[in-house]
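Data file: query19.pdb. Format and content: PDB, C-alpha atoms.
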MODEL        1
ATOM      1  CA  MET Q  10      -5.772 -22.670   5.761
ATOM      2  CA  ASN Q  11      -4.711 -23.584   2.228
ATOM      3  CA  LEU Q  12      -1.159 -22.219   2.224
ATOM      4  CA  ALA Q  13      -0.488 -23.166  -1.404
ATOM      5  CA  GLU Q  14      -3.434 -21.010  -2.508
ATOM      6  CA  LEU Q  15      -2.387 -18.096  -0.264
ATOM      7  CA  ASN Q  16       1.137 -18.295  -1.702
ATOM      8  CA  LYS Q  17      -0.244 -18.339  -5.250
ATOM      9  CA  ILE Q  18      -2.247 -15.159  -4.585
ATOM     10  CA  ALA Q  19       0.698 -13.452  -2.852
ATOM     11  CA  ARG Q  20       2.923 -14.215  -5.839
ATOM     12  CA  ALA Q  21       0.282 -12.904  -8.254
ATOM     13  CA  MET Q  22       0.133  -9.674  -6.208
ATOM     14  CA  THR Q  23       3.860  -9.121  -6.790
ATOM     15  CA  ALA Q  24       4.052 -10.554 -10.321
ATOM     16  CA  PRO Q  25       6.781  -9.106 -12.603
ATOM     17  CA  GLY Q  26       5.893  -5.627 -13.836
ATOM     18  CA  LYS Q  27       2.785  -5.314 -11.668
ATOM     19  CA  GLY Q  28       1.946  -3.661  -8.353
ATOM     20  CA  LEU Q  29      -0.947  -2.654  -6.135
ATOM     21  CA  LEU Q  30      -3.258   0.344  -6.326
ATOM     22  CA  ALA Q  31      -4.067   1.553  -2.811
ATOM     23  CA  ALA Q  32      -7.567   2.975  -3.303
ATOM     24  CA  ASP Q  33      -8.462   2.558   0.361
ATOM     25  CA  GLU Q  34      -8.539   6.167   1.513
ATOM     26  CA  SER Q  35     -10.877   6.710   4.440
ATOM     27  CA  SER Q  36     -13.825   9.066   3.957
ATOM     28  CA  GLY Q  37     -11.863  11.806   5.754
ATOM     29  CA  THR Q  38      -8.733  11.363   3.653
ATOM     30  CA  ILE Q  39     -10.496  11.288   0.293
ATOM     31  CA  LYS Q  40     -12.431  14.410   1.319
ATOM     32  CA  LYS Q  41      -9.090  16.227   1.693
ATOM     33  CA  ARG Q  42      -8.011  14.965  -1.747
ATOM     34  CA  PHE Q  43     -11.317  16.081  -3.284
ATOM     35  CA  ASP Q  44     -11.192  19.454  -1.505
ATOM     36  CA  ALA Q  45      -7.851  20.080  -3.239
ATOM     37  CA  ILE Q  46      -9.510  19.669  -6.659
ATOM     38  CA  SER Q  47     -12.763  21.416  -5.627
ATOM     39  CA  VAL Q  48     -14.923  18.292  -5.821
ATOM     40  CA  GLU Q  49     -17.586  17.570  -3.204
ATOM     41  CA  SER Q  50     -16.919  14.264  -1.419
ATOM     42  CA  THR Q  51     -20.290  12.577  -1.956
ATOM     43  CA  GLU Q  52     -20.797   8.824  -2.164
ATOM     44  CA  ASP Q  53     -21.579   9.125  -5.886
ATOM     45  CA  ASN Q  54     -18.484  11.221  -6.614
ATOM     46  CA  ARG Q  55     -16.273   8.789  -4.714
ATOM     47  CA  ARG Q  56     -17.855   5.934  -6.676
ATOM     48  CA  ASP Q  57     -17.446   7.719 -10.026
ATOM     49  CA  TYR Q  58     -13.802   8.511  -9.351
ATOM     50  CA  ARG Q  59     -12.883   4.969  -8.385
ATOM     51  CA  GLU Q  60     -14.931   3.528 -11.237
ATOM     52  CA  MET Q  61     -12.865   5.686 -13.593
ATOM     53  CA  LEU Q  62      -9.682   4.072 -12.256
ATOM     54  CA  PHE Q  63     -11.029   0.523 -12.328
ATOM     55  CA  ARG Q  64     -12.255   0.961 -15.924
ATOM     56  CA  SER Q  65      -8.788   2.093 -17.068
ATOM     57  CA  ARG Q  66      -8.359  -1.113 -19.009
ATOM     58  CA  GLU Q  67      -4.703  -0.762 -20.036
ATOM     59  CA  ALA Q  68      -3.516   0.256 -16.579
ATOM     60  CA  MET Q  69      -5.556  -2.348 -14.732
ATOM     61  CA  SER Q  70      -4.763  -5.290 -17.013
ATOM     62  CA  SER Q  71      -1.097  -4.526 -17.748
ATOM     63  CA  TYR Q  72       0.331  -2.849 -14.633
ATOM     64  CA  ILE Q  73      -1.980  -3.387 -11.613
ATOM     65  CA  SER Q  74      -2.071  -6.759  -9.858
ATOM     66  CA  GLY Q  75      -4.586  -5.846  -7.171
ATOM     67  CA  VAL Q  76      -6.588  -3.022  -5.617
ATOM     68  CA  ILE Q  77      -6.907  -2.249  -1.905
ATOM     69  CA  LEU Q  78     -10.471  -1.075  -1.288
ATOM     70  CA  TYR Q  79     -12.154   0.845   1.513
ATOM     71  CA  ASP Q  80     -15.208  -0.679   3.214
ATOM     72  CA  GLU Q  81     -17.584   1.692   1.408
ATOM     73  CA  THR Q  82     -16.081   0.876  -1.992
ATOM     74  CA  ILE Q  83     -16.145  -2.916  -1.771
ATOM     75  CA  TRP Q  84     -19.946  -2.822  -1.422
ATOM     76  CA  GLN Q  85     -20.548  -0.221  -4.151
ATOM     77  CA  ASN Q  86     -21.831  -0.858  -7.664
ATOM     78  CA  ALA Q  87     -20.775   1.048 -10.771
ATOM     79  CA  LYS Q  88     -23.248   3.400 -12.459
ATOM     80  CA  ASP Q  89     -24.459   0.514 -14.637
ATOM     81  CA  GLY Q  90     -25.037  -1.705 -11.592
ATOM     82  CA  THR Q  91     -21.886  -3.832 -11.948
ATOM     83  CA  PRO Q  92     -20.186  -4.381  -8.574
ATOM     84  CA  LEU Q  93     -16.901  -2.462  -8.481
ATOM     85  CA  VAL Q  94     -15.274  -5.681  -7.257
ATOM     86  CA  ARG Q  95     -16.269  -7.337 -10.522
ATOM     87  CA  LEU Q  96     -14.715  -4.534 -12.594
ATOM     88  CA  ILE Q  97     -11.417  -5.249 -10.856
ATOM     89  CA  GLU Q  98     -11.733  -8.992 -11.432
ATOM     90  CA  GLU Q  99     -12.685  -8.530 -15.086
ATOM     91  CA  ALA Q 100      -9.488  -6.525 -15.612
ATOM     92  CA  GLY Q 101      -7.483  -9.469 -14.286
ATOM     93  CA  ALA Q 102      -6.623  -7.827 -10.959
ATOM     94  CA  ILE Q 103      -7.307  -9.078  -7.429
ATOM     95  CA  PRO Q 104      -9.693  -7.236  -5.073
ATOM     96  CA  GLY Q 105      -8.414  -6.530  -1.556
ATOM     97  CA  ILE Q 106      -9.703  -4.689   1.496
ATOM     98  CA  LYS Q 107      -8.351  -2.373   4.190
ATOM     99  CA  VAL Q 108      -9.539  -3.837   7.482
ATOM    100  CA  ASP Q 109      -7.961  -1.663  10.157
ATOM    101  CA  GLU Q 110     -10.148   1.023  11.718
ATOM    102  CA  GLY Q 111      -7.551   3.765  12.012
ATOM    103  CA  THR Q 112      -5.384   4.802  14.919
ATOM    104  CA  GLN Q 113      -5.986   5.885  18.492
ATOM    105  CA  ALA Q 114      -3.760   7.236  21.247
ATOM    106  CA  LEU Q 115      -1.589   4.609  22.930
ATOM    107  CA  PRO Q 116      -2.082   4.831  26.726
ATOM    108  CA  ASN Q 117       0.961   5.966  28.723
ATOM    109  CA  CYS Q 118       2.890   6.716  25.513
ATOM    110  CA  PRO Q 119       2.461  10.440  24.703
ATOM    111  CA  GLY Q 120       2.525  11.186  20.978
ATOM    112  CA  GLU Q 121       2.277   7.526  19.955
ATOM    113  CA  LEU Q 122      -0.536   5.588  18.325
ATOM    114  CA  VAL Q 123      -1.915   2.066  18.077
ATOM    115  CA  THR Q 124      -4.140   0.745  15.292
ATOM    116  CA  ALA Q 125      -7.664  -0.412  16.152
ATOM    117  CA  GLY Q 126      -9.946  -2.947  14.463
ATOM    118  CA  LEU Q 127      -9.255  -6.433  15.826
ATOM    119  CA  ASP Q 128     -12.671  -6.710  17.487
ATOM    120  CA  LYS Q 129     -14.994  -8.814  15.307
ATOM    121  CA  LEU Q 130     -12.336  -8.893  12.549
ATOM    122  CA  ALA Q 131     -12.892 -12.623  11.936
ATOM    123  CA  GLU Q 132     -16.562 -11.953  11.130
ATOM    124  CA  ARG Q 133     -15.741  -9.049   8.841
ATOM    125  CA  LEU Q 134     -13.097 -11.072   6.986
ATOM    126  CA  ALA Q 135     -15.671 -13.787   6.213
ATOM    127  CA  GLN Q 136     -17.994 -11.140   4.741
ATOM    128  CA  TYR Q 137     -15.210  -9.581   2.689
ATOM    129  CA  TYR Q 138     -14.131 -12.987   1.369
ATOM    130  CA  ALA Q 139     -17.711 -13.700   0.273
ATOM    131  CA  ARG Q 140     -17.716 -10.355  -1.557
ATOM    132  CA  GLY Q 141     -14.539 -11.289  -3.467
ATOM    133  CA  ALA Q 142     -11.621  -9.935  -1.401
ATOM    134  CA  ARG Q 143      -8.604 -12.235  -1.518
ATOM    135  CA  PHE Q 144      -6.163 -10.064   0.410
ATOM    136  CA  ALA Q 145      -6.359  -7.483   3.188
ATOM    137  CA  LYS Q 146      -4.312  -4.615   4.592
ATOM    138  CA  TRP Q 147      -3.584  -3.378   8.118
ATOM    139  CA  ARG Q 148      -1.422  -0.316   8.726
ATOM    140  CA  ALA Q 149       0.563   0.331  11.880
ATOM    141  CA  VAL Q 150       1.974   3.847  12.337
ATOM    142  CA  ILE Q 151       5.323   4.478  14.005
ATOM    143  CA  ASP Q 152       6.513   8.074  14.394
ATOM    144  CA  ILE Q 153      10.105   9.225  14.914
ATOM    145  CA  GLY Q 154      10.654  12.118  17.317
ATOM    146  CA  ALA Q 155      12.237  13.141  20.613
ATOM    147  CA  GLY Q 156      12.252   9.976  22.725
ATOM    148  CA  ILE Q 157      10.032   8.027  20.337
ATOM    149  CA  PRO Q 158       9.288   5.456  19.169
ATOM    150  CA  SER Q 159       9.130   3.637  22.467
ATOM    151  CA  MET Q 160       9.559  -0.119  22.611
ATOM    152  CA  THR Q 161       5.989  -0.180  23.923
ATOM    153  CA  ALA Q 162       4.616   1.346  20.709
ATOM    154  CA  ILE Q 163       6.717  -0.948  18.529
ATOM    155  CA  SER Q 164       5.681  -4.061  20.492
ATOM    156  CA  VAL Q 165       1.964  -3.254  20.700
ATOM    157  CA  ASN Q 166       1.710  -2.459  16.993
ATOM    158  CA  ALA Q 167       3.730  -5.525  15.963
ATOM    159  CA  HIS Q 168       1.493  -7.717  18.120
ATOM    160  CA  ALA Q 169      -1.664  -6.276  16.507
ATOM    161  CA  LEU Q 170      -0.209  -6.732  12.995
ATOM    162  CA  ALA Q 171       0.518 -10.379  13.731
ATOM    163  CA  ARG Q 172      -2.951 -10.996  15.229
ATOM    164  CA  TYR Q 173      -4.523  -9.460  12.148
ATOM    165  CA  ALA Q 174      -2.313 -11.553   9.840
ATOM    166  CA  ALA Q 175      -3.179 -14.787  11.628
ATOM    167  CA  LEU Q 176      -6.913 -14.003  11.407
ATOM    168  CA  CYS Q 177      -6.571 -13.249   7.680
ATOM    169  CA  GLN Q 178      -4.853 -16.527   6.920
ATOM    170  CA  ALA Q 179      -7.478 -18.423   8.901
ATOM    171  CA  ALA Q 180     -10.083 -16.743   6.641
ATOM    172  CA  GLN Q 181      -8.084 -17.724   3.500
ATOM    173  CA  ILE Q 182      -7.120 -14.090   2.874
ATOM    174  CA  VAL Q 183      -3.535 -12.956   2.202
ATOM    175  CA  PRO Q 184      -2.497 -10.318   4.765
ATOM    176  CA  ILE Q 185      -0.525  -7.264   3.700
ATOM    177  CA  VAL Q 186       1.524  -6.450   6.797
ATOM    178  CA  GLU Q 187       2.197  -2.684   6.814
ATOM    179  CA  PRO Q 188       4.383  -1.320   9.616
ATOM    180  CA  GLU Q 189       4.898   2.291   8.460
ATOM    181  CA  VAL Q 190       7.675   4.377   9.964
ATOM    182  CA  LEU Q 191       6.593   7.913   9.093
ATOM    183  CA  MET Q 192       8.836  10.341   7.224
ATOM    184  CA  ASP Q 193       7.340  13.455   8.847
ATOM    185  CA  GLY Q 194      10.199  14.362  11.215
ATOM    186  CA  ASP Q 195      13.595  16.041  10.967
ATOM    187  CA  HIS Q 196      15.575  12.792  11.291
ATOM    188  CA  ASP Q 197      18.207  11.726   8.774
ATOM    189  CA  ILE Q 198      18.147   8.519   6.731
ATOM    190  CA  ASP Q 199      20.302   6.579   9.197
ATOM    191  CA  ARG Q 200      17.822   7.235  12.013
ATOM    192  CA  CYS Q 201      15.053   5.980   9.702
ATOM    193  CA  VAL Q 202      17.041   2.799   9.025
ATOM    194  CA  GLU Q 203      17.684   2.227  12.739
ATOM    195  CA  VAL Q 204      14.017   2.605  13.713
ATOM    196  CA  THR Q 205      12.663   0.658  10.730
ATOM    197  CA  GLN Q 206      14.970  -2.279  11.470
ATOM    198  CA  ARG Q 207      13.723  -2.387  15.057
ATOM    199  CA  VAL Q 208      10.133  -2.295  13.825
ATOM    200  CA  LEU Q 209      10.650  -5.001  11.185
ATOM    201  CA  ASN Q 210      12.540  -7.288  13.548
ATOM    202  CA  LYS Q 211       9.813  -7.044  16.191
ATOM    203  CA  THR Q 212       7.089  -7.525  13.584
ATOM    204  CA  PHE Q 213       8.606 -10.739  12.231
ATOM    205  CA  GLN Q 214       9.202 -11.983  15.774
ATOM    206  CA  GLU Q 215       5.484 -11.516  16.516
ATOM    207  CA  LEU Q 216       4.460 -13.112  13.208
ATOM    208  CA  ARG Q 217       6.423 -16.222  14.147
ATOM    209  CA  VAL Q 218       5.040 -16.298  17.699
ATOM    210  CA  GLN Q 219       1.499 -16.182  16.303
ATOM    211  CA  ARG Q 220       2.275 -18.883  13.722
ATOM    212  CA  VAL Q 221       1.678 -16.745  10.651
ATOM    213  CA  ALA Q 222       2.892 -18.561   7.524
ATOM    214  CA  LEU Q 223       5.380 -16.148   5.975
ATOM    215  CA  GLU Q 224       4.891 -17.756   2.546
ATOM    216  CA  GLY Q 225       1.275 -16.538   2.604
ATOM    217  CA  MET Q 226       1.747 -12.801   3.285
ATOM    218  CA  ILE Q 227       3.067  -9.625   1.681
ATOM    219  CA  LEU Q 228       5.166  -6.997   3.453
ATOM    220  CA  LYS Q 229       4.348  -3.319   2.823
ATOM    221  CA  PRO Q 230       7.181  -1.311   4.410
ATOM    222  CA  ASN Q 231       8.401   2.251   4.174
ATOM    223  CA  MET Q 232      11.605   2.964   2.305
ATOM    224  CA  ALA Q 233      14.665   4.240   4.156
ATOM    225  CA  VAL Q 234      14.363   7.985   3.529
ATOM    226  CA  SER Q 235      15.249  11.222   5.285
ATOM    227  CA  GLY Q 236      12.532  12.930   7.311
ATOM    228  CA  LYS Q 237      10.692  15.637   5.373
ATOM    229  CA  LYS Q 238      12.105  18.332   7.698
ATOM    230  CA  SER Q 239      15.679  17.019   7.650
ATOM    231  CA  LYS Q 240      18.306  19.472   6.409
ATOM    232  CA  THR Q 241      20.085  16.541   4.743
ATOM    233  CA  GLN Q 242      18.008  14.746   2.131
ATOM    234  CA  ALA Q 243      19.438  11.417   0.969
ATOM    235  CA  GLY Q 244      19.750  10.974  -2.791
ATOM    236  CA  VAL Q 245      18.189   8.211  -4.890
ATOM    237  CA  ALA Q 246      21.232   5.915  -4.824
ATOM    238  CA  GLU Q 247      21.606   6.181  -1.037
ATOM    239  CA  VAL Q 248      17.898   5.512  -0.442
ATOM    240  CA  ALA Q 249      18.059   2.432  -2.662
ATOM    241  CA  GLU Q 250      21.256   1.031  -1.149
ATOM    242  CA  LYS Q 251      20.218   1.549   2.475
ATOM    243  CA  THR Q 252      16.678   0.288   1.944
ATOM    244  CA  VAL Q 253      17.882  -2.918   0.277
ATOM    245  CA  ARG Q 254      20.468  -3.519   3.007
ATOM    246  CA  MET Q 255      17.828  -2.874   5.694
ATOM    247  CA  LEU Q 256      15.408  -5.351   4.134
ATOM    248  CA  LYS Q 257      18.083  -8.026   3.692
ATOM    249  CA  ASN Q 258      18.872  -7.649   7.396
ATOM    250  CA  CYS Q 259      15.266  -8.078   8.511
ATOM    251  CA  VAL Q 260      12.989  -9.793   5.991
ATOM    252  CA  PRO Q 261      13.089 -13.594   5.576
ATOM    253  CA  ALA Q 262      13.505 -14.866   2.025
ATOM    254  CA  SER Q 263      10.330 -16.946   2.427
ATOM    255  CA  VAL Q 264       8.175 -13.792   2.149
ATOM    256  CA  PRO Q 265       6.767 -13.941  -1.434
ATOM    257  CA  GLY Q 266       7.064 -10.227  -2.137
ATOM    258  CA  ILE Q 267       7.545  -6.689  -0.849
ATOM    259  CA  ALA Q 268       5.259  -3.866  -2.026
ATOM    260  CA  PHE Q 269       6.409  -0.445  -0.812
ATOM    261  CA  LEU Q 270       4.200   2.366   0.399
ATOM    262  CA  SER Q 271       5.059   5.786  -1.037
ATOM    263  CA  GLY Q 272       4.677   7.476   2.349
ATOM    264  CA  GLY Q 273       4.361  11.068   1.173
ATOM    265  CA  GLN Q 274       7.128  11.003  -1.424
ATOM    266  CA  SER Q 275       6.536  12.838  -4.697
ATOM    267  CA  ASP Q 276       5.250  10.739  -7.608
ATOM    268  CA  GLU Q 277       8.600  10.708  -9.360
ATOM    269  CA  ASP Q 278      10.688  10.129  -6.208
ATOM    270  CA  ALA Q 279       8.624   7.053  -5.324
ATOM    271  CA  THR Q 280       9.196   5.706  -8.838
ATOM    272  CA  ALA Q 281      12.905   6.586  -8.974
ATOM    273  CA  HIS Q 282      13.632   4.966  -5.606
ATOM    274  CA  LEU Q 283      11.828   1.742  -6.565
ATOM    275  CA  ASP Q 284      13.680   1.605  -9.881
ATOM    276  CA  ALA Q 285      17.089   2.135  -8.238
ATOM    277  CA  MET Q 286      16.452  -0.701  -5.782
ATOM    278  CA  ASN Q 287      15.534  -3.106  -8.554
ATOM    279  CA  ARG Q 288      18.662  -2.160 -10.494
ATOM    280  CA  ILE Q 289      20.757  -3.378  -7.531
ATOM    281  CA  GLY Q 290      19.489  -6.908  -8.216
ATOM    282  CA  SER Q 291      20.256 -10.226  -6.480
ATOM    283  CA  LEU Q 292      17.225  -9.850  -4.195
ATOM    284  CA  PRO Q 293      15.436 -12.774  -2.524
ATOM    285  CA  TRP Q 294      11.998 -11.237  -3.138
ATOM    286  CA  PRO Q 295      10.394  -9.085  -5.847
ATOM    287  CA  LEU Q 296      10.183  -5.388  -4.935
ATOM    288  CA  THR Q 297       7.135  -3.578  -6.274
ATOM    289  CA  PHE Q 298       4.699  -0.782  -5.388
ATOM    290  CA  SER Q 299       1.556  -0.420  -3.332
ATOM    291  CA  TYR Q 300       0.987   3.281  -3.894
ATOM    292  CA  GLY Q 301      -2.008   5.459  -3.124
ATOM    293  CA  ARG Q 302      -1.341   9.144  -3.616
ATOM    294  CA  ALA Q 303       1.722   8.506  -5.830
ATOM    295  CA  LEU Q 304      -0.555   6.722  -8.326
ATOM    296  CA  GLN Q 305      -3.637   8.900  -7.885
ATOM    297  CA  ALA Q 306      -2.601  12.546  -7.525
ATOM    298  CA  ALA Q 307      -2.208  13.014 -11.290
ATOM    299  CA  PRO Q 308      -5.469  11.306 -12.328
ATOM    300  CA  GLN Q 309      -7.415  13.113  -9.600
ATOM    301  CA  LYS Q 310      -6.209  16.478 -10.891
ATOM    302  CA  ALA Q 311      -6.879  15.552 -14.528
ATOM    303  CA  TRP Q 312     -10.394  14.300 -13.701
ATOM    304  CA  SER Q 313     -11.442  17.109 -11.318
ATOM    305  CA  GLY Q 314     -14.930  15.648 -10.936
ATOM    306  CA  LYS Q 315     -15.989  16.236 -14.566
ATOM    307  CA  ALA Q 316     -17.390  13.358 -16.653
ATOM    308  CA  ASN Q 317     -15.794  14.710 -19.841
ATOM    309  CA  ASN Q 318     -12.376  14.535 -18.130
ATOM    310  CA  VAL Q 319     -12.586  10.768 -17.559
ATOM    311  CA  PRO Q 320     -10.332   9.923 -20.566
ATOM    312  CA  ALA Q 321      -7.704  12.408 -19.339
ATOM    313  CA  GLY Q 322      -7.894  10.977 -15.830
ATOM    314  CA  GLN Q 323      -7.496   7.452 -17.149
ATOM    315  CA  GLN Q 324      -4.557   8.489 -19.304
ATOM    316  CA  ALA Q 325      -2.820  10.068 -16.288
ATOM    317  CA  PHE Q 326      -3.447   6.947 -14.199
ATOM    318  CA  THR Q 327      -2.163   4.656 -16.958
ATOM    319  CA  HIS Q 328       1.013   6.722 -17.274
ATOM    320  CA  ARG Q 329       1.804   6.587 -13.563
ATOM    321  CA  ALA Q 330       1.018   2.869 -13.396
ATOM    322  CA  HIS Q 331       3.246   2.249 -16.430
ATOM    323  CA  MET Q 332       6.150   4.227 -14.914
ATOM    324  CA  ASN Q 333       5.940   2.227 -11.684
ATOM    325  CA  SER Q 334       5.668  -1.021 -13.636
ATOM    326  CA  LEU Q 335       8.959  -0.151 -15.336
ATOM    327  CA  ALA Q 336      10.493   0.759 -11.964
ATOM    328  CA  SER Q 337       9.466  -2.621 -10.518
ATOM    329  CA  LYS Q 338      11.651  -4.202 -13.221
ATOM    330  CA  GLY Q 339      14.525  -1.685 -12.951
ATOM    331  CA  GLU Q 340      13.718  -0.336 -16.430
ATOM    332  CA  TRP Q 341      12.443   3.181 -15.696
ATOM    333  CA  THR Q 342      14.185   6.279 -17.053
ATOM    334  CA  THR Q 343      13.508  10.001 -16.713
ATOM    335  CA  ASP Q 344      13.124  10.178 -20.509
ATOM    336  CA  GLN Q 345      10.197   7.778 -20.358
ATOM    337  CA  GLU Q 346       8.725   9.815 -17.517
ATOM    338  CA  GLN Q 347       8.547  12.866 -19.756
ATOM    339  CA  LYS Q 348       6.889  11.108 -22.681
ATOM    340  CA  ALA Q 349       3.135  11.579 -22.912
ATOM    341  CA  LEU Q 350       1.194   8.406 -23.566
TER     342      LEU Q 350
ENDMDL
END
Starting from the coordinates I provided, produce the structure as structure tokens.
Amino acid sequence: MNLAELNKIARAMTAPGKGLLAADESSGTIKKRFDAISVESTEDNRRDYREMLFRSREAMSSYISGVILYDETIWQNAKDGTPLVRLIEEAGAIPGIKVDEGTQALPNCPGELVTAGLDKLAERLAQYYARGARFAKWRAVIDIGAGIPSMTAISVNAHALARYAALCQAAQIVPIVEPEVLMDGDHDIDRCVEVTQRVLNKTFQELRVQRVALEGMILKPNMAVSGKKSKTQAGVAEVAEKTVRMLKNCVPASVPGIAFLSGGQSDEDATAHLDAMNRIGSLPWPLTFSYGRALQAAPQKAWSGKANNVPAGQQAFTHRAHMNSLASKGEWTTDQEQKAL
């Protein structure tokens, strides 16, 4: 393991004013997204859509540091035969790969899940590295509900995250460690903070046990937010203050950067929350974005599967990427949000 090189890549992934595009939707998830815009989810349509994003030169070169790809996408070529990985590299961004294989029921823990995909991961990582991937992502899913999460679910998922991270570093790939506490319930923000702190503390304990070099990884956490069904929705300032305090309590300063997931927030909420956190300042790590839907909903709608809508789709993507770039520096305003590019 060349830790200096891993650290260099991790720092580039969270460089000032840049963040990650999560374009790693599974075939099932992107089908739902395409169904919403009445586009058939064929391999060619998925390729054309992602090619549109990766050829958005301004967005990719100015605001996007890296792209998380799905297994199908990393092997695909653009219409002209250029590997999609190369389009990302030519824009100055870093290709990455989602390596988990989704979730399955956790035995003896009703309503809880564990992420699969550790079997043969070392072999897959070597293939992805040869294809150009320099970072990877693994998502653990923790739900909040009556009597959950259990310590079993937290422990099992933290252990798997750390095993994945250790395998990545051995393959000279930067691991994005993503323990996501879902915002689907009726819990308030303080319950989210309590659970997320337990999850983060256990995750970093496991990372240390498995000798993962913290300087060669990125953390992708949820923000501290109210559950979607909660009667009390925390405002932007409260989300920012409690998220920053939570991270300072749990995340070692040696971690090179933190790239948040949007987790079902609206486009503008995800941007506003990130901006408010960066305005607090005096943070030991850069805070940026690793957004999927919050970067893609607008360009998907503008594109709608039509070749003549590609410029509109790229414009929508560039705008969202620009807004989140500003937020990662604490420079976003609602006035800028309203301006068309």
Which residues fall under the PyMOL selection byres ((chain Q and resi 175-191) around 8) in this file, as number ranges by chain? Q: 10-11, 15, 18-19, 130-131, 134-135, 138, 142-153, 166-167, 170-174, 192-194, 201, 204-205, 208-209, 212, 216, 219-221, 225-231, 236, 272
What is the atom CA of Asp197 of chain Q-atom CA of Thr241 of chain Q distance in Å, reported with one decimal? 6.6 Å
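Distances to Ser291 of chain Q were evaluated for Q:Val253, Q:Leu62, Q:Leu12, Q:Ile103 using all atoms listed in the file, and the minimum falls at Q:Val253.
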Which distance in Å separates atom CA of Met255 of chain Q and atom CA of Met232 of chain Q, to one decimal?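 Atom CA of Met232 of chain Q lies at a distance of 9.2 Å from atom CA of Met255 of chain Q.
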Could you put an axis-aligned box around every listed atom of segment 220-224 of chain Q, padded by 6 Å on each side, and send me its centre and edge lengths in Å to one decimal, as lines of an AutoDock Vina configuration file?
center_x = 3.5
center_y = -17.5
center_z = 8.1
size_x = 15.7
size_y = 14.7
size_z = 23.2
Using all atoms listed in the file, the shortest atom-to-atom distance to Val260 of chain Q among Q:Ala285, Q:Val218, Q:Leu223, Q:Ala21 belongs to Q:Leu223
Care to translate the PyMOL selection byres ((chain Q and resi 71) around 12) into actual residues of this file, as a PyMOL selection string? chain Q and resi 24-29+65-70+72-75+100-102+327-328+330-335
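Taking only C-alpha atoms into account, Gly314 of chain Q lies nearest to Q:Asp44 out of the set Q:Glu224, Q:Asp44, Q:Asp80, Q:Glu34.
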Give as a JSON list (two decimals) with C-alpha atoms, keeping the file's coordinate frame the residues that the PyMOL selection byres ((chain Q and resi 32) around 6) matches when applied to the coordinates above.
[["chain", "number", "residue", "atom", "x", "y", "z"],
["Q", 30, "LEU", "CA", -3.26, 0.34, -6.33],
["Q", 31, "ALA", "CA", -4.07, 1.55, -2.81],
["Q", 33, "ASP", "CA", -8.46, 2.56, 0.36],
["Q", 34, "GLU", "CA", -8.54, 6.17, 1.51],
["Q", 77, "ILE", "CA", -6.91, -2.25, -1.90],
["Q", 78, "LEU", "CA", -10.47, -1.08, -1.29]]
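Distances from Q:Cys259, Q:Ala307, Q:Leu283, Q:Ile39 to Asn210 of chain Q were compared using all atoms listed in the file, and the smallest one belongs to Q:Cys259.
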